[in-house]
Structures are given as C-alpha cells and as structure tokens.
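Enquirer: Following this line is final-v2.cif, made up of mmCIF, C-alpha atoms:
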```cif
data_my_file
#
loop_
_atom_site.group_PDB
_atom_site.id
_atom_site.type_symbol
_atom_site.label_atom_id
_atom_site.label_comp_id
_atom_site.auth_asym_id
_atom_site.auth_seq_id
_atom_site.Cartn_x
_atom_site.Cartn_y
_atom_site.Cartn_z
ATOM 1 C CA MET A 1 -8.304 14.901 -63.884
ATOM 2 C CA LYS A 2 -11.348 15.024 -61.655
ATOM 3 C CA TYR A 3 -10.719 11.443 -60.473
ATOM 4 C CA LYS A 4 -7.106 12.242 -59.627
ATOM 5 C CA THR A 5 -8.218 15.163 -57.506
ATOM 6 C CA VAL A 6 -10.792 13.003 -55.697
ATOM 7 C CA PHE A 7 -8.184 10.262 -55.197
ATOM 8 C CA LYS A 8 -5.653 12.741 -53.751
ATOM 9 C CA THR A 9 -8.305 14.142 -51.444
ATOM 10 C CA ILE A 10 -9.193 10.661 -50.212
ATOM 11 C CA VAL A 11 -5.511 9.815 -49.651
ATOM 12 C CA ILE A 12 -4.983 13.054 -47.727
ATOM 13 C CA LEU A 13 -8.053 12.439 -45.561
ATOM 14 C CA LEU A 14 -7.062 8.839 -44.850
ATOM 15 C CA THR A 15 -3.514 9.884 -44.006
ATOM 16 C CA ALA A 16 -4.803 12.598 -41.691
ATOM 17 C CA ALA A 17 -7.194 10.131 -40.038
ATOM 18 C CA ALA A 18 -4.383 7.611 -39.584
ATOM 19 C CA LEU A 19 -2.161 10.279 -38.045
ATOM 20 C CA VAL A 20 -4.918 11.394 -35.677
ATOM 21 C CA ALA A 21 -5.710 7.780 -34.742
ATOM 22 C CA GLY A 22 -1.998 7.111 -34.219
ATOM 23 C CA PHE A 23 -1.673 10.168 -32.020
ATOM 24 C CA PHE A 24 -4.578 9.118 -29.803
ATOM 25 C CA ALA A 25 -3.352 5.519 -29.658
ATOM 26 C CA TRP A 26 0.081 6.710 -28.550
ATOM 27 C CA ARG A 27 -1.484 9.140 -26.100
ATOM 28 C CA TYR A 28 -3.567 6.319 -24.598
ATOM 29 C CA TYR A 29 -0.573 3.992 -24.383
ATOM 30 C CA SER A 30 1.750 6.588 -22.860
ATOM 31 C CA THR A 31 -0.921 7.717 -20.382
ATOM 32 C CA PHE A 32 -2.183 4.338 -19.167
ATOM 33 C CA LYS A 33 -0.083 1.397 -20.362
ATOM 34 C CA ARG A 34 3.519 2.520 -20.770
ATOM 35 C CA PRO A 35 5.824 1.648 -17.818
ATOM 36 C CA ASN A 36 6.325 4.899 -15.913
ATOM 37 C CA THR A 37 7.920 3.975 -12.574
ATOM 38 C CA ILE A 38 11.702 3.979 -12.527
ATOM 39 C CA LYS A 39 12.511 2.909 -8.972
ATOM 40 C CA GLU A 40 10.960 1.141 -6.008
ATOM 41 C CA SER A 41 9.524 3.153 -3.132
ATOM 42 C CA VAL A 42 7.168 2.691 -0.210
ATOM 43 C CA ILE A 43 4.513 5.353 0.269
ATOM 44 C CA TYR A 44 2.084 5.960 3.107
ATOM 45 C CA ILE A 45 -1.397 7.367 2.524
ATOM 46 C CA SER A 46 -3.145 8.170 5.782
ATOM 47 C CA SER A 47 -6.900 8.316 6.309
ATOM 48 C CA SER A 48 -6.733 12.095 6.828
ATOM 49 C CA MET A 49 -5.104 12.890 3.468
ATOM 50 C CA ASN A 50 -6.879 14.658 0.638
ATOM 51 C CA TYR A 51 -6.181 14.171 -3.070
ATOM 52 C CA ASP A 52 -3.573 16.939 -3.305
ATOM 53 C CA GLU A 53 -1.659 15.466 -0.376
ATOM 54 C CA VAL A 54 -1.769 12.003 -1.955
ATOM 55 C CA THR A 55 -0.381 13.292 -5.254
ATOM 56 C CA ASP A 56 2.313 15.211 -3.343
ATOM 57 C CA VAL A 57 3.411 11.986 -1.626
ATOM 58 C CA LEU A 58 3.542 10.197 -4.976
ATOM 59 C CA ARG A 59 5.495 13.036 -6.601
ATOM 60 C CA GLN A 60 7.992 13.211 -3.740
ATOM 61 C CA SER A 61 8.611 9.458 -3.952
ATOM 62 C CA GLY A 62 10.664 10.111 -7.085
ATOM 63 C CA SER A 63 9.340 6.882 -8.596
ATOM 64 C CA PHE A 64 7.864 8.360 -11.773
ATOM 65 C CA ARG A 65 9.612 9.048 -15.066
ATOM 66 C CA ASN A 66 6.865 11.453 -16.132
ATOM 67 C CA PHE A 67 4.638 12.573 -13.285
ATOM 68 C CA ASN A 68 2.491 14.754 -15.539
ATOM 69 C CA SER A 69 1.354 11.650 -17.406
ATOM 70 C CA PHE A 70 0.390 10.075 -14.077
ATOM 71 C CA ILE A 71 -1.707 13.145 -13.204
ATOM 72 C CA ARG A 72 -3.368 12.931 -16.626
ATOM 73 C CA ALA A 73 -4.216 9.249 -16.075
ATOM 74 C CA ALA A 74 -5.437 9.990 -12.551
ATOM 75 C CA ARG A 75 -7.790 12.656 -13.879
ATOM 76 C CA TYR A 76 -9.282 10.331 -16.504
ATOM 77 C CA ARG A 77 -9.702 7.520 -13.944
ATOM 78 C CA GLU A 78 -11.217 9.869 -11.325
ATOM 79 C CA PHE A 79 -8.491 8.840 -8.892
ATOM 80 C CA GLU A 80 -9.455 11.685 -6.545
ATOM 81 C CA LYS A 81 -12.613 9.721 -5.669
ATOM 82 C CA HIS A 82 -11.033 6.288 -5.424
ATOM 83 C CA PHE A 83 -7.860 6.208 -3.331
ATOM 84 C CA GLU A 84 -7.573 4.140 -0.162
ATOM 85 C CA PRO A 85 -5.335 4.762 2.860
ATOM 86 C CA GLY A 86 -2.478 2.344 3.304
ATOM 87 C CA ARG A 87 1.168 1.451 2.969
ATOM 88 C CA TYR A 88 1.948 0.790 -0.678
ATOM 89 C CA ARG A 89 5.033 -0.544 -2.418
ATOM 90 C CA ILE A 90 5.555 1.038 -5.831
ATOM 91 C CA THR A 91 7.901 -1.162 -7.843
ATOM 92 C CA GLU A 92 9.919 -0.326 -10.934
ATOM 93 C CA GLY A 93 8.239 -0.785 -14.330
ATOM 94 C CA LEU A 94 4.611 -0.141 -13.393
ATOM 95 C CA SER A 95 2.253 1.789 -15.644
ATOM 96 C CA ASN A 96 0.168 4.697 -14.361
ATOM 97 C CA GLN A 97 -2.918 2.494 -14.553
ATOM 98 C CA GLN A 98 -1.290 -0.199 -12.413
ATOM 99 C CA VAL A 99 -0.300 2.331 -9.732
ATOM 100 C CA ILE A 100 -3.806 3.785 -9.700
ATOM 101 C CA ARG A 101 -5.382 0.326 -9.362
ATOM 102 C CA ILE A 102 -3.050 -0.676 -6.518
ATOM 103 C CA ILE A 103 -4.042 2.377 -4.473
ATOM 104 C CA ALA A 104 -7.694 2.547 -5.545
ATOM 105 C CA ASN A 105 -8.190 -1.117 -4.604
ATOM 106 C CA GLY A 106 -6.298 -0.801 -1.312
ATOM 107 C CA ARG A 107 -3.716 -3.469 -2.218
ATOM 108 C CA GLU A 108 -1.430 -2.689 0.707
ATOM 109 C CA ASP A 109 2.049 -4.042 1.267
ATOM 110 C CA PRO A 110 2.073 -5.391 4.844
ATOM 111 C CA VAL A 111 4.364 -4.133 7.583
ATOM 112 C CA ARG A 112 6.992 -6.689 8.629
ATOM 113 C CA LEU A 113 6.729 -6.347 12.399
ATOM 114 C CA THR A 114 9.281 -8.048 14.644
ATOM 115 C CA LEU A 115 8.436 -8.122 18.350
ATOM 116 C CA ARG A 116 11.419 -8.628 20.619
ATOM 117 C CA ALA A 117 11.731 -9.465 24.287
ATOM 118 C CA HIS A 118 13.048 -5.973 25.189
ATOM 119 C CA LEU A 119 9.474 -4.632 24.988
ATOM 120 C CA ARG A 120 8.882 -5.336 28.663
ATOM 121 C CA ARG A 121 6.155 -2.807 29.523
ATOM 122 C CA PRO A 122 2.772 -2.082 27.926
ATOM 123 C CA CYS A 123 3.834 1.533 27.258
ATOM 124 C CA ASP A 124 6.949 0.318 25.404
ATOM 125 C CA LEU A 125 4.856 -1.932 23.170
ATOM 126 C CA ALA A 126 2.282 0.827 22.555
ATOM 127 C CA ALA A 127 5.050 3.254 21.531
ATOM 128 C CA PHE A 128 6.638 0.636 19.254
ATOM 129 C CA LEU A 129 3.344 -0.170 17.529
ATOM 130 C CA GLY A 130 2.525 3.531 17.196
ATOM 131 C CA ARG A 131 5.754 4.022 15.237
ATOM 132 C CA ASN A 132 4.920 1.209 12.831
ATOM 133 C CA PHE A 133 1.212 1.700 12.078
ATOM 134 C CA GLU A 134 -1.191 4.475 11.168
ATOM 135 C CA ALA A 135 -2.753 4.559 14.644
ATOM 136 C CA ASP A 136 -0.738 6.420 17.265
ATOM 137 C CA SER A 137 0.742 5.082 20.499
ATOM 138 C CA ALA A 138 -2.102 6.531 22.604
ATOM 139 C CA SER A 139 -4.623 4.493 20.605
ATOM 140 C CA PHE A 140 -2.595 1.339 21.200
ATOM 141 C CA ALA A 141 -2.172 2.154 24.893
ATOM 142 C CA GLN A 142 -5.959 2.180 25.289
ATOM 143 C CA VAL A 143 -6.119 -1.398 23.992
ATOM 144 C CA ILE A 144 -3.001 -2.878 25.600
ATOM 145 C CA ASN A 145 -3.122 -3.474 29.328
ATOM 146 C CA ASP A 146 -1.353 -5.600 31.912
ATOM 147 C CA ASP A 147 -3.830 -8.443 31.473
ATOM 148 C CA ASN A 148 -3.136 -9.032 27.786
ATOM 149 C CA PHE A 149 0.416 -7.669 27.513
ATOM 150 C CA HIS A 150 2.188 -10.739 28.864
ATOM 151 C CA ILE A 151 0.750 -13.103 26.301
ATOM 152 C CA PHE A 152 2.393 -11.498 23.263
ATOM 153 C CA ILE A 153 4.993 -13.805 21.728
ATOM 154 C CA PRO A 154 8.270 -12.358 20.375
ATOM 155 C CA ASN A 155 8.065 -13.184 16.686
ATOM 156 C CA THR A 156 7.805 -11.645 13.200
ATOM 157 C CA TYR A 157 4.318 -10.723 12.000
ATOM 158 C CA TYR A 158 2.987 -9.345 8.703
ATOM 159 C CA ILE A 159 0.225 -6.840 9.396
ATOM 160 C CA TYR A 160 -1.384 -4.123 7.292
ATOM 161 C CA TRP A 161 -0.447 -0.564 8.252
ATOM 162 C CA THR A 162 -4.069 0.613 8.423
ATOM 163 C CA GLU A 163 -5.359 -2.136 10.723
ATOM 164 C CA SER A 164 -6.950 -0.846 13.902
ATOM 165 C CA PRO A 165 -5.211 -1.212 17.286
ATOM 166 C CA GLU A 166 -8.010 -3.582 18.336
ATOM 167 C CA ASP A 167 -7.425 -5.847 15.328
ATOM 168 C CA ILE A 168 -3.644 -5.786 15.725
ATOM 169 C CA VAL A 169 -3.784 -6.668 19.425
ATOM 170 C CA ALA A 170 -6.339 -9.383 18.673
ATOM 171 C CA ARG A 171 -3.969 -10.776 16.035
ATOM 172 C CA LEU A 172 -1.083 -10.851 18.500
ATOM 173 C CA ASN A 173 -3.323 -12.529 21.067
ATOM 174 C CA SER A 174 -4.406 -15.105 18.507
ATOM 175 C CA GLU A 175 -0.790 -15.931 17.615
ATOM 176 C CA SER A 176 -0.048 -16.332 21.304
ATOM 177 C CA GLU A 177 -2.969 -18.689 21.813
ATOM 178 C CA SER A 178 -1.762 -20.760 18.868
ATOM 179 C CA PHE A 179 1.678 -20.958 20.454
ATOM 180 C CA TRP A 180 0.333 -21.906 23.880
ATOM 181 C CA ASN A 181 -1.212 -25.163 22.802
ATOM 182 C CA GLY A 182 -2.064 -27.851 25.318
ATOM 183 C CA ARG A 183 1.380 -29.431 25.196
ATOM 184 C CA ARG A 184 3.251 -26.217 26.001
ATOM 185 C CA ASP A 185 0.837 -25.396 28.826
ATOM 186 C CA SER A 186 1.402 -28.876 30.240
ATOM 187 C CA LEU A 187 5.175 -28.480 30.017
ATOM 188 C CA ALA A 188 4.964 -25.144 31.829
ATOM 189 C CA ARG A 189 2.837 -26.648 34.594
ATOM 190 C CA SER A 190 5.221 -29.613 34.904
ATOM 191 C CA ILE A 191 8.023 -27.253 35.887
ATOM 192 C CA GLY A 192 5.757 -25.190 38.136
ATOM 193 C CA MET A 193 5.608 -22.057 35.935
ATOM 194 C CA THR A 194 2.830 -19.913 34.463
ATOM 195 C CA ARG A 195 2.744 -18.538 30.927
ATOM 196 C CA ARG A 196 3.909 -15.132 32.182
ATOM 197 C CA GLU A 197 6.821 -16.696 34.088
ATOM 198 C CA VAL A 198 7.884 -18.721 31.050
#
```
Just dump the structure as structure tokens.

Expert:
Amino acid sequence: MKYKTVFKTIVILLTAAALVAGFFAWRYYSTFKRPNTIKESVIYISSSMNYDEVTDVLRQSGSFRNFNSFIRAARYREFEKHFEPGRYRITEGLSNQQVIRIIANGREDPVRLTLRAHLRRPCDLAAFLGRNFEADSASFAQVINDDNFHIFIPNTYYIYWTESPEDIVARLNSESESFWNGRRDSLARSIGMTRREV
C-alpha cells in the first residue's frame, strides 16, 4: 500500500513537471520562434524616436498577429536598448525574434531611388531627396550646389534611408564619375560639348 502511494505521488509530480515544462516550452516558442507577422509592411524608425514611438510604429503597421507577444519578446531581449534607425521591410511569416534582430542589427531595406531629368535645379533635387530619406531637404541643399549638381546621372540607385546627405551626394558623384569614363569624355569633346551640355 505504501509503495502504491509513493508511486502515485511520483507519477503526479512527474506529470506536473512535464506540464510545467510543456507550458514554458510553448511559451518560449510562441514568444520567440512562432511566425507572428501576417502581412508585409515597410516601417521607418527615425533617429529621434524613443522606444514607445518605435513600438507604436510597429503596432500601427498591422503586421503582427499577436502584438502582445512581440512586446513580451522585446522586453526579454531588452529591445528598448538595441533598436537602430532605418527603413525596414517586415515580411510575412517572421517570428518576433527575427523582427527584433532585423531592427536591432540595423538590417535596413534600401530605398529604390530613381533620378529623372526633370530635376533641373539644385533646389528640386534637394526637395526630392528630402522626401525620400531621413535627412530633410535643407540638409541636402547645404551639400548640393551648382558645381556638383550637373554631374548627377539620371538612373536608379539603391541607398539606405539613414545615409547622410554628404554620403548620398558622394555616392551620386561616384556613379557619375564611373559613367564619365575616358571614352565618353572623348566623345563629348569630339562633338565640342562639355559634360554639362551633354
């Protein structure tokens, strides 16, 4: 009789332990590993945002099946200390942990920027860039001037949203220099035209 009682007690304890372990395993999976995004969205996190503003942007994206589980994962992973500004693409089927890592590691989705010939003045280009990047048009206007404006080549560029105006303008200049290789300069001179005239 005594052994039966001990056996029952052991079975009850083991069952309880298994249930508790199962609960925590499920809790871990549902918090960190289970796919929780249900649609694709693009979110912008600016350098001036605090943690509450970042979570508001994520909530308003409508990408999460269960946003409370994301907040729980964010708290465990100390997300409030580890988010980076940027333009991020949240795709369908990501877990909370994957979303946190994308933003914490600054894995931005680049802006697809298409420059067209209608941007004829430096102020037009500054305004256009200010609409497409974190920096505003005034910051771009300080970098763009008549001397470097004419060398920008209409083309499609992939540039990160958080890049500085200086880096973006330098990138556009670099692409232009690559385009104006020796052969194209020679062809322009052969018809009596400068780069700006071409």

Enquirer: Please measure the separation of CA of Tyr157 (chain A) and CA of Val169 (chain A), giving the value in Å to one decimal.

Expert: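 Separation of CA of Tyr157 (chain A) and CA of Val169 (chain A): 11.7 Å.
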
Enquirer: I'd like to see the residues matched by the PyMOL selection byres ((chain A and resi 102) around 12) on this file, and ideally I'd get them as an NGL selection string.

Expert: :A and (43 or 79 or 82-91 or 94-101 or 103-109)

Enquirer: Need the shell around Lys81 (chain A): protein/DNA/RNA residues with any atom at most 10 Å away, counting all atoms listed in the file. Skip same-chain ones fewer than 4 positions apart. Format as a compact mmCIF listing (two decimals) with C-alpha atoms, in the frame of the given file?

Expert:
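Here's the written file out.txt:
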```txt
# COMPACT_ATOMS: atom_id res chain seq x y z
CA ASN A 50 -6.88 14.66 0.64
CA TYR A 51 -6.18 14.17 -3.07
CA ALA A 74 -5.44 9.99 -12.55
CA ARG A 75 -7.79 12.66 -13.88
CA ARG A 77 -9.70 7.52 -13.94
CA ALA A 104 -7.69 2.55 -5.54
```

Enquirer: Distance CA of Thr156 (chain A)-CA of Leu113 (chain A), one decimal place?

Expert: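 We find that CA of Thr156 (chain A) and CA of Leu113 (chain A) lie 5.5 Å from each other.
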
Enquirer: Interatomic distance between CA of Ala117 (chain A) and CA of Phe133 (chain A)?

Expert: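 The value is 19.6 Å.
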
Enquirer: Find, counting all atoms listed in the file, the residue in A:Glu177, A:Arg183, A:Ser139, A:Glu78 that gets nearest to Glu163 (chain A).

Expert: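 Checking each of A:Glu177, A:Arg183, A:Ser139, A:Glu78 against Glu163 (chain A), counting all atoms listed in the file, the winner is A:Ser139.
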
Enquirer: Using all atoms listed in the file, which of A:Leu172, A:Ala141, A:Ile159, A:Ala135 sits nearest Ser48 (chain A)?

Expert: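 Smallest separation from Ser48 (chain A) among the options: A:Ala135.
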
Enquirer: Check which residues satisfy the PyMOL selection byres ((chain A and resi 62) around 10) in the file shown, then give them as a short mmCIF file (atom, residue, chain, number, x, y, z; two decimals) with C-alpha atoms, in the coordinates of the input.

Expert:
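See expr00.cif below for the written result:
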```cif
data_model
loop_
_atom_site.label_atom_id
_atom_site.label_comp_id
_atom_site.auth_asym_id
_atom_site.auth_seq_id
_atom_site.Cartn_x
_atom_site.Cartn_y
_atom_site.Cartn_z
CA THR A 37 7.92 3.98 -12.57
CA ILE A 38 11.70 3.98 -12.53
CA LYS A 39 12.51 2.91 -8.97
CA GLU A 40 10.96 1.14 -6.01
CA SER A 41 9.52 3.15 -3.13
CA VAL A 57 3.41 11.99 -1.63
CA LEU A 58 3.54 10.20 -4.98
CA ARG A 59 5.50 13.04 -6.60
CA GLN A 60 7.99 13.21 -3.74
CA SER A 61 8.61 9.46 -3.95
CA SER A 63 9.34 6.88 -8.60
CA PHE A 64 7.86 8.36 -11.77
CA ARG A 65 9.61 9.05 -15.07
CA ASN A 66 6.86 11.45 -16.13
CA PHE A 67 4.64 12.57 -13.28
#
```

Enquirer: List the residues matched by the PyMOL selection byres ((chain A and resi 126) around 8) in the displayed structure as JSON, numbers by chain, ordered by chain and then by residue number.

Expert: {"A": [122, 123, 124, 125, 127, 128, 129, 130, 137, 138, 140, 141, 144]}
